[in-house]
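Colleague: One structure follows; several queries about it will come next.
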Amino acid sequence: MRIYIAAMALAVVFSVSGQSIDRGLIAQKAMVVSARAEASQIGVDILKKGGNAFDAMIATDLALAVSFPFAGNIGGGGFMVYRLKDGSYGSLDYREKAPASAHRDLYLDQNGEVIPQKSTLGATAVGVPGTVAGLYAVHQKFGTLPWKDLVQPAIDLARKGIVVTKRQAQSLAGSRDLIIRVNHPGSLYAQTYEAGDSLKNPALARTLSVIAQKGKDGFYRGEVAEKMTQLIQDQGGYITLEDLQNYSAVWRKPIVFPYKDLNIISMSPPSSGGVTLAQMFGMLRQQSFDSLSGWDSNSIHASVEVARRAYADRNYYLGDPDFVDIDIAALTSPNYLASRMSTFEVDRATPSAAVGHGQPQTLESDQTTHYSIVDAQGNAVAVTTTLNGAYGSKLFSDELGMFFNNEMDDFSAKAGVPNMFGLIGAAANEIAPGKRMLSSMTPTIVERDGKLWAVVGTPGGSTIISAVFQTILSLRDFGMGMQEAVNAPRFHHQWLPDVLIVEPDRFSPAMIESLQNMGHQVNQQQSRIIGKVDAILVLKDGSLEAGADPRGDDAARGF
Ligand code: GLY
C-alpha cells in the first residue's frame with residue numbers, strides 16, 4: 001500500500017483534450033440516451049404519454065432499427081438489465097442462437113483451418129435473431145401501453161425517412177463494397193448518401209406493421225419468417241423455420257456485486273460483461289486502491305493489470321450457461337481474486353504470457369449500440385443490442401428492409417484462433433446447435449447507498465467491459481459528472497494480444513512514456529475510439545444528468 005501511494009505521487013496526470021462540453025442534459029423526471037436523437041425522442045414521447053421505461057425501451061429499440069441500421073436491429077439480439085422503482089432487479093437475454101444444424105467445426109475446412117469470412121460475411125454468418133422475441137417478452141412482463149402503439153413510431157419513421165448524418169454517410173460509404181458484394185448494387189444501403197439526405201425504408205415499415213399486428217409471431221412465423229429463411233437459405237445459410245419458431249428470450253439472474261458503497265448490477269452469461277466487471281472491481285478492491293485520485297499513469301496501470309487477468313479468465317471459462325457449467329461464485333470470490341493479483345507489481349506490467357487463465361482476449365470495434373432509460377417513476381433499463389459487425393453480415397433483405405447479424409463469429413470457431421475482433425476462445429464457447437455465443441455486452445445499473453445512481457453501457461465488443469469499468473470508476477472514485485465521465489479518454493487491455501490500446505491524441509506524451517516505462521506496449525493507432533457510452537446519473541437533488549457520447553451522433557432527451 002505504502003509503495004503504491006509513493007508510486008502514485010510520481011504519477012503523471014494526463015489532461016483531457018478535445019471535449020468541451022462537460023455537463024450533459026439535465027432532466028427533472030425522465031430521460032432516454034441513445035445513439036440517435038430520433039430514437040431518444042421517440043422513447044421520451046412514449047414516457048410523456050404515460051408509458052414506463054419498458055414501453056420506452058420497445059419504442060426506442062425499434063426506432064434504432066430504423067435510424068441506426070449500423071447496429072440497431074430486428075435481425076440481431078441483445079441484453080437488458082432493469083431495476084424497478086421498488087429496488088428489485090433482473091435481466092433479459094435475447095442473444096442470438098446457433099441454428100439447429102450448426103456444429104463445432106461449422107467454419108473449418110477439410111484441413112481444420114478457419115474458412116475466411118464464413119462466420120462474418122453473408123448468410124452463413126447469421127445466428128437466429130432474438131430482438132423481436134426480447135422486446136415482446138419485455139412487453140408481456142412489464143408493458144403498460146398497447147404493443148402496436150409502441151411499434152407505430154418506428155413504422156412512421158421508416159416511412160417518413162431519417163435524416164442521414166455525416167458520420168452515417170461515412171459509415172455507409174465504408175461498408176458499401178461489402179454490402180454490394182453480399183447483395184446487389186441496387187440494395188437500399190448500397191446507394192450513395194450525403195449528410196442531410198432523407199433515407200426511407202418502406203419495406204421495413206411493412207415488416208414492422210406485421211410485427212405490430214401479430215407481435216412475436218409476426219416475426220418468427222408466417223410471411224416474414226418465410227421470407228427470412230428463403231433469403232438466408234438461398235444464399236447458403238442455415239436458419240430454418242423451426243429455428244425461428246423455437247427461439248425464445250430468457251429472463252436471467254443478473255450478476256450483482258459491491259464496490260465500495262456501490263452495488264453494481266450487470267449482465268450474466270452468455271454475456272461475459274457482468275462476471276468480468278465483477279472480477280475487475282473485485283481485484284481492484286483486493287489491492288486496496290482506495291487512494292485513486294484520478295486517471296493518472298498508476299490508476300491506468302492498475303486498471304490494465306486487473307483487466308489483463310479478468311480477460312484471461314473470460315476467454316477460458318465463459319460461454320452459454322445453458323450449455324457449460326460456470327462457477328461464477330468461484331470466479332468472483334475474494335480469495336480467488338486476491339490470488340489472481342498475487343503477481344501484481346505497482347510499477348511494472350505483468351507480461352500476459354505469464355498470466356494465463358486462473359485455476360478455480362484483441363479488439364472489437366464500436367459496432368453495437370447501447371441506450372439507457374429512466375422513467376418518471378424511477379424504473380431504469382440498460383439495453384445493449386447488436387448485429388455484431390457494422391451492418392451485421394451485410395446480408396440485407398430487400399423485401400423486409402432489414403440487415404441480418406453475423407453473430408456466429410462471436411463463437412470460438414477453433415480454439416486458439418482469434419475471431420474478427422481478435423478474441424481467442426476456448427471450449428466453453430465452441431459452437432453447438434441452439435447455443436448462444438459469448439458476448440461482451442455489459443448493460444449495467446449502479447446503486448449507491450441503496451438507491452438508483454447510474455445506468456451505463458456502450459458498444460465496443462471486448463472494449464465494452466473496459467469502457468463501462470472506467471466510466472463507473474470516473475464517477476465513483478474521481479467524482480466526475482456523467483458527461484465528464486463519458487467524455488474522458490479511454491484505454492483497453494484484454495490480456496491477448498499483450499497491447500495497451502489508448503484513444504489517439506487524448507493522453508499526453510508524458511503519460512504514454514510513463515506507461516511504456518512500466519513495460520506496457522502502448523498502441524495509439526489501433527482504435528480511434530473506445531466505446532460510445534450512453535448513460536444516466538441520478539444527481540443528489542434527484543434530477544438526472546445524461547452522458548451522450550460525443551464520439552458518435554448520440555443524443556439525450558428528457559423532461
Ligand atoms: N457482438 C458483440 C458482443 O456481443 O460482444
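By convention in this document, the chains of the C-alpha cells carry letters A, B, ... by their order, each chain's residues are numbered from 1, and ligands are numbered from 1 in the order they are shown.
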Report as an MDAnalysis selection string: the residues of stretch 113-261 of chain A with a DSSP assignment of strand (DSSP E), based on the backbone of this structure.
Modeller: chainID A and resid 162:163 198:199 250:252 255:259
Colleague: Excluding A:His520 and its own-chain neighbours fewer than 6 positions away, which residues fall within 12 Å of it when counting only C-alpha atoms? Please give them as a compact mmCIF listing (two decimals) with all heavy atoms, in the first residue's frame.
Modeller:
# COMPACT_ATOMS: atom_id res chain seq x y z
N SER A 297 -1.10 7.71 -14.52
CA SER A 297 -0.47 6.50 -15.05
C SER A 297 -0.64 5.32 -14.10
O SER A 297 -0.75 4.18 -14.55
CB SER A 297 1.01 6.76 -15.35
OG SER A 297 1.65 7.28 -14.22
N ASN A 298 -0.70 5.59 -12.80
CA ASN A 298 -0.84 4.47 -11.86
C ASN A 298 -2.25 3.89 -11.86
O ASN A 298 -2.42 2.67 -11.77
CB ASN A 298 -0.46 4.90 -10.45
CG ASN A 298 1.04 4.98 -10.31
OD1 ASN A 298 1.75 4.07 -10.74
ND2 ASN A 298 1.52 6.07 -9.76
N ILE A 300 -4.28 3.97 -14.38
CA ILE A 300 -4.41 3.23 -15.65
C ILE A 300 -3.67 1.89 -15.55
O ILE A 300 -4.21 0.85 -15.93
CB ILE A 300 -3.86 4.08 -16.83
CG1 ILE A 300 -4.77 5.28 -17.06
CG2 ILE A 300 -3.77 3.23 -18.11
CD1 ILE A 300 -4.32 6.22 -18.16
N HIS A 301 -2.48 1.92 -15.00
CA HIS A 301 -1.70 0.68 -14.84
C HIS A 301 -2.49 -0.34 -14.03
O HIS A 301 -2.62 -1.51 -14.43
CB HIS A 301 -0.37 1.01 -14.16
CG HIS A 301 0.40 -0.18 -13.72
ND1 HIS A 301 0.93 -1.11 -14.62
CD2 HIS A 301 0.74 -0.64 -12.48
CE1 HIS A 301 1.55 -2.06 -13.95
NE2 HIS A 301 1.46 -1.79 -12.65
N ALA A 302 -3.03 0.09 -12.90
CA ALA A 302 -3.79 -0.85 -12.05
C ALA A 302 -5.00 -1.40 -12.81
O ALA A 302 -5.29 -2.60 -12.76
CB ALA A 302 -4.25 -0.13 -10.78
N VAL A 304 -5.37 -1.70 -16.04
CA VAL A 304 -4.91 -2.62 -17.09
C VAL A 304 -4.56 -3.98 -16.49
O VAL A 304 -4.90 -5.03 -17.05
CB VAL A 304 -3.68 -2.02 -17.81
CG1 VAL A 304 -2.99 -3.06 -18.68
CG2 VAL A 304 -4.10 -0.82 -18.64
N GLU A 305 -3.92 -3.95 -15.34
CA GLU A 305 -3.50 -5.23 -14.74
C GLU A 305 -4.69 -6.07 -14.29
O GLU A 305 -4.67 -7.30 -14.41
CB GLU A 305 -2.52 -4.96 -13.58
CG GLU A 305 -1.17 -4.41 -14.06
CD GLU A 305 -0.51 -5.30 -15.12
OE1 GLU A 305 -0.44 -6.52 -14.93
OE2 GLU A 305 -0.09 -4.76 -16.16
N ARG A 308 -6.24 -7.41 -17.58
CA ARG A 308 -5.43 -8.48 -18.17
C ARG A 308 -5.80 -9.84 -17.54
O ARG A 308 -6.00 -10.83 -18.22
CB ARG A 308 -3.95 -8.17 -17.89
CG ARG A 308 -2.96 -9.11 -18.53
CD ARG A 308 -1.57 -8.95 -17.90
NE ARG A 308 -1.03 -7.61 -17.86
CZ ARG A 308 -0.40 -7.00 -18.89
NH1 ARG A 308 -0.27 -7.62 -20.03
NH2 ARG A 308 0.07 -5.78 -18.74
N ASP A 347 4.52 -0.94 -10.24
CA ASP A 347 5.19 -0.10 -11.22
C ASP A 347 5.68 -0.88 -12.43
O ASP A 347 6.56 -0.44 -13.15
CB ASP A 347 6.38 0.61 -10.56
CG ASP A 347 7.33 -0.38 -9.91
OD1 ASP A 347 7.02 -1.60 -9.94
OD2 ASP A 347 8.36 0.06 -9.38
N ARG A 348 5.12 -2.07 -12.63
CA ARG A 348 5.63 -2.94 -13.69
C ARG A 348 4.48 -3.71 -14.31
O ARG A 348 3.70 -4.35 -13.59
CB ARG A 348 6.62 -3.91 -13.04
CG ARG A 348 7.64 -4.55 -13.93
CD ARG A 348 8.79 -3.62 -14.28
NE ARG A 348 9.09 -3.86 -15.69
CZ ARG A 348 9.39 -2.92 -16.58
NH1 ARG A 348 9.45 -1.66 -16.21
NH2 ARG A 348 9.64 -3.22 -17.81
N ALA A 349 4.36 -3.70 -15.63
CA ALA A 349 3.35 -4.51 -16.32
C ALA A 349 3.72 -5.99 -16.19
O ALA A 349 4.89 -6.35 -16.29
CB ALA A 349 3.28 -4.13 -17.79
N THR A 350 2.70 -6.83 -15.92
CA THR A 350 2.93 -8.28 -15.92
C THR A 350 2.74 -8.77 -17.35
O THR A 350 1.66 -8.57 -17.91
CB THR A 350 1.90 -9.00 -15.02
OG1 THR A 350 1.85 -8.32 -13.77
CG2 THR A 350 2.25 -10.46 -14.83
N PRO A 351 3.73 -9.42 -17.97
CA PRO A 351 3.50 -9.90 -19.35
C PRO A 351 2.32 -10.86 -19.39
O PRO A 351 2.18 -11.71 -18.51
CB PRO A 351 4.81 -10.62 -19.69
CG PRO A 351 5.81 -10.15 -18.69
CD PRO A 351 5.05 -9.78 -17.45
N SER A 352 1.46 -10.73 -20.41
CA SER A 352 0.29 -11.61 -20.49
C SER A 352 0.70 -13.07 -20.57
O SER A 352 -0.03 -13.95 -20.12
CB SER A 352 -0.57 -11.23 -21.70
OG SER A 352 -1.25 -10.04 -21.42
N PHE A 491 -8.99 3.63 -22.49
CA PHE A 491 -7.91 2.70 -22.83
C PHE A 491 -8.44 1.29 -22.68
O PHE A 491 -9.50 1.07 -22.08
CB PHE A 491 -6.70 2.95 -21.90
CG PHE A 491 -7.06 2.91 -20.44
CD1 PHE A 491 -6.98 1.73 -19.71
CD2 PHE A 491 -7.50 4.06 -19.79
CE1 PHE A 491 -7.33 1.69 -18.37
CE2 PHE A 491 -7.85 4.02 -18.44
CZ PHE A 491 -7.76 2.84 -17.73
N HIS A 492 -7.71 0.33 -23.21
CA HIS A 492 -8.22 -1.05 -23.19
C HIS A 492 -7.08 -2.05 -23.26
O HIS A 492 -6.16 -1.91 -24.06
CB HIS A 492 -9.15 -1.26 -24.39
CG HIS A 492 -9.61 -2.67 -24.54
ND1 HIS A 492 -10.46 -3.29 -23.66
CD2 HIS A 492 -9.31 -3.61 -25.49
CE1 HIS A 492 -10.68 -4.53 -24.05
NE2 HIS A 492 -10.00 -4.76 -25.16
N HIS A 493 -7.18 -3.06 -22.41
CA HIS A 493 -6.26 -4.21 -22.48
C HIS A 493 -7.09 -5.46 -22.25
O HIS A 493 -7.93 -5.50 -21.37
CB HIS A 493 -5.17 -4.10 -21.41
CG HIS A 493 -4.02 -5.03 -21.67
ND1 HIS A 493 -4.16 -6.39 -21.61
CD2 HIS A 493 -2.74 -4.78 -21.99
CE1 HIS A 493 -2.98 -6.95 -21.90
NE2 HIS A 493 -2.10 -6.00 -22.13
N TRP A 495 -5.74 -8.85 -22.20
CA TRP A 495 -4.84 -10.00 -21.99
C TRP A 495 -4.06 -10.31 -23.26
O TRP A 495 -2.86 -10.08 -23.31
CB TRP A 495 -5.61 -11.22 -21.48
CG TRP A 495 -4.79 -12.47 -21.31
CD1 TRP A 495 -3.61 -12.57 -20.63
CD2 TRP A 495 -5.07 -13.77 -21.83
NE1 TRP A 495 -3.16 -13.86 -20.68
CE2 TRP A 495 -4.03 -14.62 -21.41
CE3 TRP A 495 -6.10 -14.32 -22.58
CZ2 TRP A 495 -4.00 -15.99 -21.74
CZ3 TRP A 495 -6.08 -15.67 -22.90
CH2 TRP A 495 -5.04 -16.50 -22.48
N PRO A 497 -4.06 -9.79 -27.59
CA PRO A 497 -2.61 -9.62 -27.58
C PRO A 497 -2.19 -8.69 -26.44
O PRO A 497 -3.01 -7.90 -25.96
CB PRO A 497 -2.31 -9.00 -28.94
CG PRO A 497 -3.55 -8.28 -29.30
CD PRO A 497 -4.69 -9.05 -28.71
N ASP A 498 -0.95 -8.80 -26.05
CA ASP A 498 -0.47 -8.05 -24.89
C ASP A 498 -0.18 -6.60 -25.28
O ASP A 498 0.98 -6.18 -25.36
CB ASP A 498 0.79 -8.74 -24.34
CG ASP A 498 1.16 -8.20 -22.97
OD1 ASP A 498 0.59 -7.18 -22.56
OD2 ASP A 498 2.03 -8.81 -22.32
N VAL A 499 -1.26 -5.87 -25.56
CA VAL A 499 -1.14 -4.49 -26.05
C VAL A 499 -2.09 -3.61 -25.25
O VAL A 499 -3.23 -4.00 -24.99
CB VAL A 499 -1.54 -4.42 -27.55
CG1 VAL A 499 -1.51 -2.98 -28.04
CG2 VAL A 499 -0.62 -5.28 -28.39
N LEU A 500 -1.62 -2.43 -24.86
CA LEU A 500 -2.49 -1.45 -24.20
C LEU A 500 -2.93 -0.45 -25.26
O LEU A 500 -2.13 0.35 -25.76
CB LEU A 500 -1.72 -0.75 -23.07
CG LEU A 500 -2.39 0.48 -22.45
CD1 LEU A 500 -3.81 0.17 -21.95
CD2 LEU A 500 -1.54 1.03 -21.30
N ILE A 501 -4.21 -0.55 -25.64
CA ILE A 501 -4.75 0.34 -26.67
C ILE A 501 -5.27 1.59 -26.00
O ILE A 501 -6.02 1.51 -25.02
CB ILE A 501 -5.88 -0.37 -27.44
CG1 ILE A 501 -5.32 -1.61 -28.14
CG2 ILE A 501 -6.55 0.55 -28.43
CD1 ILE A 501 -6.34 -2.69 -28.31
N VAL A 502 -4.88 2.75 -26.51
CA VAL A 502 -5.39 4.01 -25.95
C VAL A 502 -5.95 4.84 -27.09
O VAL A 502 -5.50 4.76 -28.23
CB VAL A 502 -4.29 4.80 -25.20
CG1 VAL A 502 -3.71 3.99 -24.06
CG2 VAL A 502 -3.18 5.24 -26.14
N MET A 511 2.38 10.94 -20.24
CA MET A 511 1.58 9.82 -19.73
C MET A 511 1.93 8.53 -20.47
O MET A 511 2.15 7.47 -19.87
CB MET A 511 0.10 10.14 -19.92
CG MET A 511 -0.83 8.97 -19.78
SD MET A 511 -0.91 8.41 -18.09
CE MET A 511 -2.02 9.62 -17.43
N ILE A 512 2.01 8.63 -21.80
CA ILE A 512 2.33 7.45 -22.62
C ILE A 512 3.72 6.93 -22.23
O ILE A 512 3.93 5.73 -22.05
CB ILE A 512 2.29 7.82 -24.14
CG1 ILE A 512 0.91 8.33 -24.53
CG2 ILE A 512 2.73 6.63 -25.01
CD1 ILE A 512 -0.20 7.33 -24.53
N GLU A 513 4.63 7.85 -22.08
CA GLU A 513 6.01 7.44 -21.74
C GLU A 513 6.05 6.76 -20.38
O GLU A 513 6.72 5.75 -20.20
CB GLU A 513 6.90 8.69 -21.75
CG GLU A 513 8.37 8.34 -21.86
CD GLU A 513 9.25 9.57 -21.73
OE1 GLU A 513 8.82 10.66 -22.15
OE2 GLU A 513 10.35 9.42 -21.17
N SER A 514 5.30 7.31 -19.44
CA SER A 514 5.27 6.72 -18.10
C SER A 514 4.76 5.28 -18.16
O SER A 514 5.30 4.37 -17.52
CB SER A 514 4.39 7.59 -17.21
OG SER A 514 4.17 6.98 -15.98
Colleague: Out of A:Val522, A:Val138, A:Met267, A:Leu208, which residue has the shortest atom-to-atom distance to ligand 1 when counting only C-alpha atoms and all ligand atoms?
Modeller: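 The shortest atom-to-atom distance to ligand 1 comes from A:Met267.
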Colleague: To check your reading of the model: which residues sit at most 7 Å from ligand 1 when counting only C-alpha atoms and all ligand atoms? Write the answer as an mmCIF file with N, CA, C and O atoms, in the first residue's frame.
Modeller:
data_model
loop_
_atom_site.group_PDB
_atom_site.id
_atom_site.type_symbol
_atom_site.label_atom_id
_atom_site.label_comp_id
_atom_site.auth_asym_id
_atom_site.auth_seq_id
_atom_site.Cartn_x
_atom_site.Cartn_y
_atom_site.Cartn_z
ATOM 1 N N THR A 368 -21.958 -1.987 -32.145
ATOM 2 C CA THR A 368 -23.077 -2.431 -31.326
ATOM 3 C C THR A 368 -23.739 -1.135 -30.898
ATOM 4 O O THR A 368 -23.288 -0.057 -31.290
ATOM 5 N N THR A 386 -27.206 -5.548 -30.746
ATOM 6 C CA THR A 386 -26.172 -5.592 -31.780
ATOM 7 C C THR A 386 -26.533 -6.470 -32.954
ATOM 8 O O THR A 386 -27.370 -7.376 -32.846
ATOM 9 N N LEU A 387 -25.874 -6.169 -34.088
ATOM 10 C CA LEU A 387 -25.837 -7.073 -35.244
ATOM 11 C C LEU A 387 -24.456 -7.715 -35.316
ATOM 12 O O LEU A 387 -24.140 -8.411 -36.264
ATOM 13 N N ASN A 388 -23.589 -7.423 -34.366
ATOM 14 C CA ASN A 388 -22.177 -7.779 -34.275
ATOM 15 C C ASN A 388 -21.342 -6.829 -35.129
ATOM 16 O O ASN A 388 -20.987 -5.766 -34.677
ATOM 17 N N GLY A 389 -21.002 -7.172 -36.358
ATOM 18 C CA GLY A 389 -20.219 -6.248 -37.184
ATOM 19 C C GLY A 389 -21.074 -5.076 -37.647
ATOM 20 O O GLY A 389 -22.285 -5.051 -37.436
ATOM 21 N N GLU A 407 -23.537 -12.753 -35.900
ATOM 22 C CA GLU A 407 -23.177 -13.071 -34.517
ATOM 23 C C GLU A 407 -22.483 -14.430 -34.383
ATOM 24 O O GLU A 407 -21.829 -14.691 -33.378
ATOM 25 N N ASP A 410 -19.067 -14.616 -32.987
ATOM 26 C CA ASP A 410 -18.743 -14.477 -31.558
ATOM 27 C C ASP A 410 -18.508 -15.836 -30.890
ATOM 28 O O ASP A 410 -18.070 -15.892 -29.737
ATOM 29 N N LEU A 438 -20.859 -16.341 -26.843
ATOM 30 C CA LEU A 438 -20.415 -15.467 -25.754
ATOM 31 C C LEU A 438 -20.399 -14.005 -26.234
ATOM 32 O O LEU A 438 -20.026 -13.722 -27.368
ATOM 33 N N SER A 439 -20.798 -13.129 -25.358
ATOM 34 C CA SER A 439 -20.853 -11.702 -25.685
ATOM 35 C C SER A 439 -20.035 -10.893 -24.687
ATOM 36 O O SER A 439 -19.709 -11.369 -23.595
ATOM 37 N N SER A 440 -19.715 -9.681 -25.067
ATOM 38 C CA SER A 440 -19.082 -8.745 -24.126
ATOM 39 C C SER A 440 -20.042 -7.642 -23.698
ATOM 40 O O SER A 440 -19.659 -6.731 -22.952
ATOM 41 N N MET A 441 -21.268 -7.694 -24.174
ATOM 42 C CA MET A 441 -22.189 -6.583 -23.899
ATOM 43 C C MET A 441 -22.477 -6.485 -22.393
ATOM 44 O O MET A 441 -22.738 -7.490 -21.745
ATOM 45 N N GLY A 461 -17.686 -4.150 -28.464
ATOM 46 C CA GLY A 461 -17.201 -5.530 -28.373
ATOM 47 C C GLY A 461 -16.434 -5.753 -27.086
ATOM 48 O O GLY A 461 -16.878 -5.363 -26.003
ATOM 49 N N SER A 462 -15.250 -6.323 -27.197
ATOM 50 C CA SER A 462 -14.494 -6.642 -25.986
ATOM 51 C C SER A 462 -14.101 -5.395 -25.209
ATOM 52 O O SER A 462 -13.847 -5.458 -24.004
#
Colleague: Could you go through stretch 225-304 of chain A and tell me which residues DSSP, when run on the backbone, assigns to helix (DSSP H, G or I), listing them as a VMD selection string?
Modeller: chain A and resid 225 to 234 241 to 246 273 to 286 289 to 291 297 to 304
Colleague: Excluding stretch 156-158 of chain A and residues on its chain fewer than 6 positions from it, collect all residues at most 12 Å away from it, counting only C-alpha atoms, and give them as an MDAnalysis selection string.
Modeller: chainID A and resid 38:39 41:42 59:60 62:69 149:150 198:209 400:402
Colleague: Selected residues, C-alpha atoms, written as an mmCIF file, in the first residue's frame, please.
Modeller:
data_model
loop_
_atom_site.group_PDB
_atom_site.id
_atom_site.type_symbol
_atom_site.label_atom_id
_atom_site.label_comp_id
_atom_site.auth_asym_id
_atom_site.auth_seq_id
_atom_site.Cartn_x
_atom_site.Cartn_y
_atom_site.Cartn_z
ATOM 1 C CA GLU A 38 -34.812 10.369 -33.272
ATOM 2 C CA ALA A 39 -34.730 7.217 -31.171
ATOM 3 C CA GLN A 41 -37.104 11.451 -28.828
ATOM 4 C CA ILE A 42 -39.431 8.552 -29.658
ATOM 5 C CA ALA A 59 -40.143 2.100 -28.983
ATOM 6 C CA THR A 60 -36.508 3.260 -28.720
ATOM 7 C CA LEU A 62 -37.300 -0.296 -32.908
ATOM 8 C CA ALA A 63 -36.556 3.347 -33.729
ATOM 9 C CA LEU A 64 -32.846 2.463 -33.640
ATOM 10 C CA ALA A 65 -33.528 -0.395 -36.086
ATOM 11 C CA VAL A 66 -34.796 2.289 -38.482
ATOM 12 C CA SER A 67 -32.433 5.183 -37.775
ATOM 13 C CA PHE A 68 -29.211 3.327 -36.933
ATOM 14 C CA PRO A 69 -29.039 0.166 -39.091
ATOM 15 C CA ASP A 149 -48.651 1.820 -30.117
ATOM 16 C CA LEU A 150 -45.008 1.138 -29.243
ATOM 17 C CA SER A 198 -33.588 11.642 -46.323
ATOM 18 C CA LEU A 199 -33.449 7.835 -46.209
ATOM 19 C CA LYS A 200 -36.783 5.997 -46.298
ATOM 20 C CA ASN A 201 -37.203 2.273 -45.705
ATOM 21 C CA PRO A 202 -40.808 1.383 -46.711
ATOM 22 C CA ALA A 203 -40.017 -2.361 -46.695
ATOM 23 C CA LEU A 204 -39.009 -2.160 -43.022
ATOM 24 C CA ALA A 205 -42.182 -0.170 -42.325
ATOM 25 C CA ARG A 206 -44.196 -3.082 -43.786
ATOM 26 C CA THR A 207 -42.283 -5.674 -41.740
ATOM 27 C CA LEU A 208 -42.812 -3.639 -38.574
ATOM 28 C CA SER A 209 -46.530 -3.346 -39.406
ATOM 29 C CA LEU A 400 -38.155 -6.965 -45.366
ATOM 30 C CA GLY A 401 -35.916 -3.875 -45.232
ATOM 31 C CA MET A 402 -33.561 -5.398 -42.649
#
Colleague: Of the residues A:Ser393, A:Lys118, A:Val81, A:Thr343, which is the one nearest to A:Lys253, using only C-alpha atoms?
Modeller: A:Val81
Colleague: Counting only C-alpha atoms, which residue out of A:Asp61, A:Asp105, A:Asp22, A:Asp217 sits closest to A:Val486?
Modeller: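 Smallest distance to A:Val486 is found for A:Asp22.
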Colleague: Point out the residue among A:Ala467, A:Ile529, A:Leu318, A:Leu452 with the least atom-to-atom distance to A:Arg83, counting only C-alpha atoms.
Modeller: A:Leu452
Colleague: Using only C-alpha atoms for the distances, tell me which of A:Gln367, A:Val164, A:Gly479, A:Lys141 is nearest to A:Gly460.
Modeller: A:Gln367
